[in-house]
Amino acid sequence: MNTTRKAPKDWTTWEDFATCYDLVLFNQTPNLVSRDNKTYDEGVLYEWIEQHTQNCKSDLARYELENLQEDSKEYKAIVHEHGENPECNCEPAQWYAIAAGDSDVKFLNEKFDMDIFYSDVLGLHILPVYHFGTSWDYVNLSINA
């Protein structure tokens, strides 16, 4: 594993990102609930769902399609990219606790289309990872211009 740290402007892979942050694999994340409430509506998985549905590209595309004319250029572009009935099929393969401050999280979510969120249940930031089984030096970061 390459441990050379690159500046964010030079990041192209998940490994570039990971060498700059302390990450702890924490796959029990979706099973954790608050101490005073034994239901999942107060758990970390619920916190992720709340955060994710606000930013999921498929969900956003579905909402946009509802407000566009079918013969419009924008409608056709969205259908070409997401299909006629976009649905969120996002399912994290792994969960990591990430040592990052609020400003870093905002930057990472905006610039690299990550889905990092703060968990009130855990009192720390959580990074859901949607790719599984591939070395991170082969997985490209999704970069927003």
# chains A, B, ... in the order shown; residues from 1 in each chain; ligands from 1

$ select_by_dssp --residues "chain A" --states "strand (DSSP E or B)" --output "list of chain:residue names"
A:Thr13, A:Leu23, A:Val24, A:Leu25, A:Gln94, A:Trp95, A:Tyr96, A:Ala97, A:Ile98, A:Phe117, A:Tyr118, A:Ser119, A:Leu124, A:His125, A:Ile126, A:Leu127, A:Pro128, A:Val129, A:Asn140

$ write_last_selection --atoms "N, CA and C atoms" --output "PDB file, in the first residue's frame"
ATOM      1  N   THR A  13      -7.876   8.320  -6.421  1.00  0.00           N
ATOM      2  CA  THR A  13      -8.395   7.042  -5.932  1.00  0.00           C
ATOM      3  C   THR A  13      -8.782   7.141  -4.463  1.00  0.00           C
ATOM      4  N   LEU A  23      -8.989   6.001   9.571  1.00  0.00           N
ATOM      5  CA  LEU A  23     -10.237   5.267   9.358  1.00  0.00           C
ATOM      6  C   LEU A  23     -10.199   3.993  10.185  1.00  0.00           C
ATOM      7  N   VAL A  24     -11.306   3.683  10.815  1.00  0.00           N
ATOM      8  CA  VAL A  24     -11.408   2.448  11.587  1.00  0.00           C
ATOM      9  C   VAL A  24     -12.602   1.669  11.051  1.00  0.00           C
ATOM     10  N   LEU A  25     -12.354   0.461  10.557  1.00  0.00           N
ATOM     11  CA  LEU A  25     -13.427  -0.382  10.063  1.00  0.00           C
ATOM     12  C   LEU A  25     -14.401  -0.638  11.206  1.00  0.00           C
ATOM     13  N   GLN A  94     -19.296  -1.526   3.526  1.00  0.00           N
ATOM     14  CA  GLN A  94     -18.472  -1.394   4.724  1.00  0.00           C
ATOM     15  C   GLN A  94     -18.771  -0.044   5.369  1.00  0.00           C
ATOM     16  N   TRP A  95     -18.489   0.036   6.648  1.00  0.00           N
ATOM     17  CA  TRP A  95     -18.670   1.271   7.411  1.00  0.00           C
ATOM     18  C   TRP A  95     -17.365   1.575   8.122  1.00  0.00           C
ATOM     19  N   TYR A  96     -16.980   2.838   8.116  1.00  0.00           N
ATOM     20  CA  TYR A  96     -15.760   3.255   8.808  1.00  0.00           C
ATOM     21  C   TYR A  96     -16.065   4.435   9.712  1.00  0.00           C
ATOM     22  N   ALA A  97     -15.466   4.430  10.890  1.00  0.00           N
ATOM     23  CA  ALA A  97     -15.402   5.638  11.704  1.00  0.00           C
ATOM     24  C   ALA A  97     -14.258   6.444  11.113  1.00  0.00           C
ATOM     25  N   ILE A  98     -14.459   7.739  10.936  1.00  0.00           N
ATOM     26  CA  ILE A  98     -13.440   8.580  10.322  1.00  0.00           C
ATOM     27  C   ILE A  98     -13.125   9.753  11.242  1.00  0.00           C
ATOM     28  N   PHE A 117     -21.394  11.164   7.419  1.00  0.00           N
ATOM     29  CA  PHE A 117     -22.384  11.817   8.272  1.00  0.00           C
ATOM     30  C   PHE A 117     -21.960  11.724   9.727  1.00  0.00           C
ATOM     31  N   TYR A 118     -22.512  12.621  10.527  1.00  0.00           N
ATOM     32  CA  TYR A 118     -22.241  12.600  11.962  1.00  0.00           C
ATOM     33  C   TYR A 118     -23.312  11.773  12.644  1.00  0.00           C
ATOM     34  N   SER A 119     -22.899  10.843  13.474  1.00  0.00           N
ATOM     35  CA  SER A 119     -23.829  10.015  14.229  1.00  0.00           C
ATOM     36  C   SER A 119     -23.949  10.534  15.652  1.00  0.00           C
ATOM     37  N   LEU A 124     -19.509  10.487  16.596  1.00  0.00           N
ATOM     38  CA  LEU A 124     -18.403  10.624  15.649  1.00  0.00           C
ATOM     39  C   LEU A 124     -18.920  10.521  14.221  1.00  0.00           C
ATOM     40  N   HIS A 125     -18.023  10.828  13.283  1.00  0.00           N
ATOM     41  CA  HIS A 125     -18.392  10.763  11.870  1.00  0.00           C
ATOM     42  C   HIS A 125     -18.254   9.334  11.351  1.00  0.00           C
ATOM     43  N   ILE A 126     -19.165   8.975  10.449  1.00  0.00           N
ATOM     44  CA  ILE A 126     -19.190   7.644   9.861  1.00  0.00           C
ATOM     45  C   ILE A 126     -19.110   7.775   8.342  1.00  0.00           C
ATOM     46  N   LEU A 127     -18.270   6.933   7.734  1.00  0.00           N
ATOM     47  CA  LEU A 127     -18.115   6.888   6.280  1.00  0.00           C
ATOM     48  C   LEU A 127     -18.671   5.562   5.771  1.00  0.00           C
ATOM     49  N   PRO A 128     -19.815   5.588   5.062  1.00  0.00           N
ATOM     50  CA  PRO A 128     -20.267   4.367   4.410  1.00  0.00           C
ATOM     51  C   PRO A 128     -19.511   4.203   3.090  1.00  0.00           C
ATOM     52  N   VAL A 129     -19.082   2.986   2.801  1.00  0.00           N
ATOM     53  CA  VAL A 129     -18.343   2.702   1.570  1.00  0.00           C
ATOM     54  C   VAL A 129     -19.197   1.758   0.736  1.00  0.00           C
ATOM     55  N   ASN A 140     -11.658   4.568  -8.314  1.00  0.00           N
ATOM     56  CA  ASN A 140     -11.582   6.009  -8.573  1.00  0.00           C
ATOM     57  C   ASN A 140     -12.540   6.770  -7.670  1.00  0.00           C
TER      58      ASN A 140
END

$ residues_around --residues "stretch 43-56 of chain A" --least-positions-apart "5" --cutoff "7 Å" --atoms "only C-alpha atoms" --output "tab-separated table (two decimals) with N, CA and C atoms, in the first residue's frame"
chain	number	residue	atom	x	y	z
A	29	THR	N	-21.76	-0.85	12.63
A	29	THR	CA	-22.46	0.44	12.66
A	29	THR	C	-23.96	0.33	12.46
A	30	PRO	N	-24.47	-0.38	11.44
A	30	PRO	CA	-25.92	-0.38	11.23
A	30	PRO	C	-26.71	-1.08	12.32
A	32	LEU	N	-26.20	-0.62	15.60
A	32	LEU	CA	-26.14	0.13	16.85
A	32	LEU	C	-27.35	1.04	17.02
A	33	VAL	N	-27.93	0.99	18.21
A	33	VAL	CA	-29.06	1.85	18.56
A	33	VAL	C	-28.69	2.66	19.79
A	34	SER	N	-29.45	3.69	20.06
A	34	SER	CA	-29.16	4.51	21.23
A	34	SER	C	-29.40	3.70	22.50
A	88	CYS	N	-33.22	4.46	-5.46
A	88	CYS	CA	-31.99	4.33	-4.69
A	88	CYS	C	-31.76	2.86	-4.37
A	115	ASP	N	-20.42	10.25	1.39
A	115	ASP	CA	-21.69	10.23	2.12
A	115	ASP	C	-21.43	10.23	3.63
A	117	PHE	N	-21.39	11.16	7.42
A	117	PHE	CA	-22.38	11.82	8.27
A	117	PHE	C	-21.96	11.72	9.73
A	119	SER	N	-22.90	10.84	13.47
A	119	SER	CA	-23.83	10.01	14.23
A	119	SER	C	-23.95	10.53	15.65
A	121	VAL	N	-25.69	8.98	17.83
A	121	VAL	CA	-25.64	7.76	18.64
A	121	VAL	C	-24.20	7.46	19.05

$ select_by_dssp --residues "stretch 57-97 of chain A" --states "alpha helix (DSSP H)" --output "PyMOL selection string"
chain A and resi 57-66+73-82

$ closest_residue --among "A:Asp104, A:Asp137, A:Asp22, A:Glu70" --to "A:Glu84" --atoms "only C-alpha atoms"
A:Glu70

$ closest_residue --among "A:Asn67, A:Asn27, A:Ser142, A:Ser58" --to "A:Asn109" --atoms "only C-alpha atoms"
A:Ser142

$ residues_around --residues "A:Tyr138" --least-positions-apart "4" --cutoff "10 Å" --atoms "only C-alpha atoms" --output "PyMOL selection string"
chain A and resi 12-15+134

$ write_last_selection --atoms "C-alpha atoms" --output "PDB file, in the first residue's frame"
ATOM      1  CA  THR A  12      -7.790  10.228  -7.954  1.00  0.00           C
ATOM      2  CA  THR A  13      -8.395   7.042  -5.932  1.00  0.00           C
ATOM      3  CA  TRP A  14      -9.875   6.058  -2.605  1.00  0.00           C
ATOM      4  CA  GLU A  15      -6.367   5.147  -1.440  1.00  0.00           C
ATOM      5  CA  THR A 134     -11.573  -4.045  -4.663  1.00  0.00           C
TER       6      THR A 134
END

$ closest_residue --among "A:Pro92, A:Tyr21, A:Gly123, A:Glu81" --to "A:Val105" --atoms "only C-alpha atoms"
A:Tyr21

$ residues_around --residues "A:Glu66" --least-positions-apart "2" --cutoff "12 Å" --atoms "only C-alpha atoms" --output "JSON, numbers by chain"
{"A": [59, 60, 61, 62, 63, 64, 68, 69, 70, 74, 75, 78, 79, 84, 85, 86]}

$ residues_around --residues "A:Lys111" --least-positions-apart "3" --cutoff "9 Å" --atoms "only C-alpha atoms" --output "list of chain:residue names"
A:Lys106, A:Phe107, A:Leu108, A:Met114, A:Ser142, A:Ile143, A:Asn144, A:Ala145

$ write_last_selection --atoms "C-alpha atoms" --output "mmCIF file, in the first residue's frame"
data_model
loop_
_atom_site.group_PDB
_atom_site.id
_atom_site.type_symbol
_atom_site.label_atom_id
_atom_site.label_comp_id
_atom_site.auth_asym_id
_atom_site.auth_seq_id
_atom_site.Cartn_x
_atom_site.Cartn_y
_atom_site.Cartn_z
ATOM 1 C CA LYS A 106 -18.268 19.111 4.225
ATOM 2 C CA PHE A 107 -15.354 19.347 1.767
ATOM 3 C CA LEU A 108 -15.172 15.573 1.211
ATOM 4 C CA MET A 114 -18.874 10.977 -0.278
ATOM 5 C CA SER A 142 -16.079 10.499 -7.853
ATOM 6 C CA ILE A 143 -14.940 14.103 -8.266
ATOM 7 C CA ASN A 144 -17.434 16.958 -8.486
ATOM 8 C CA ALA A 145 -16.235 19.934 -10.476
#

$ atom_distance --atom1 "atom CA of A:Ala77" --atom2 "atom CA of A:Phe112"
22.3 Å

$ atom_distance --atom1 "atom CA of A:Ser135" --atom2 "atom CA of A:Phe26"
17.8 Å
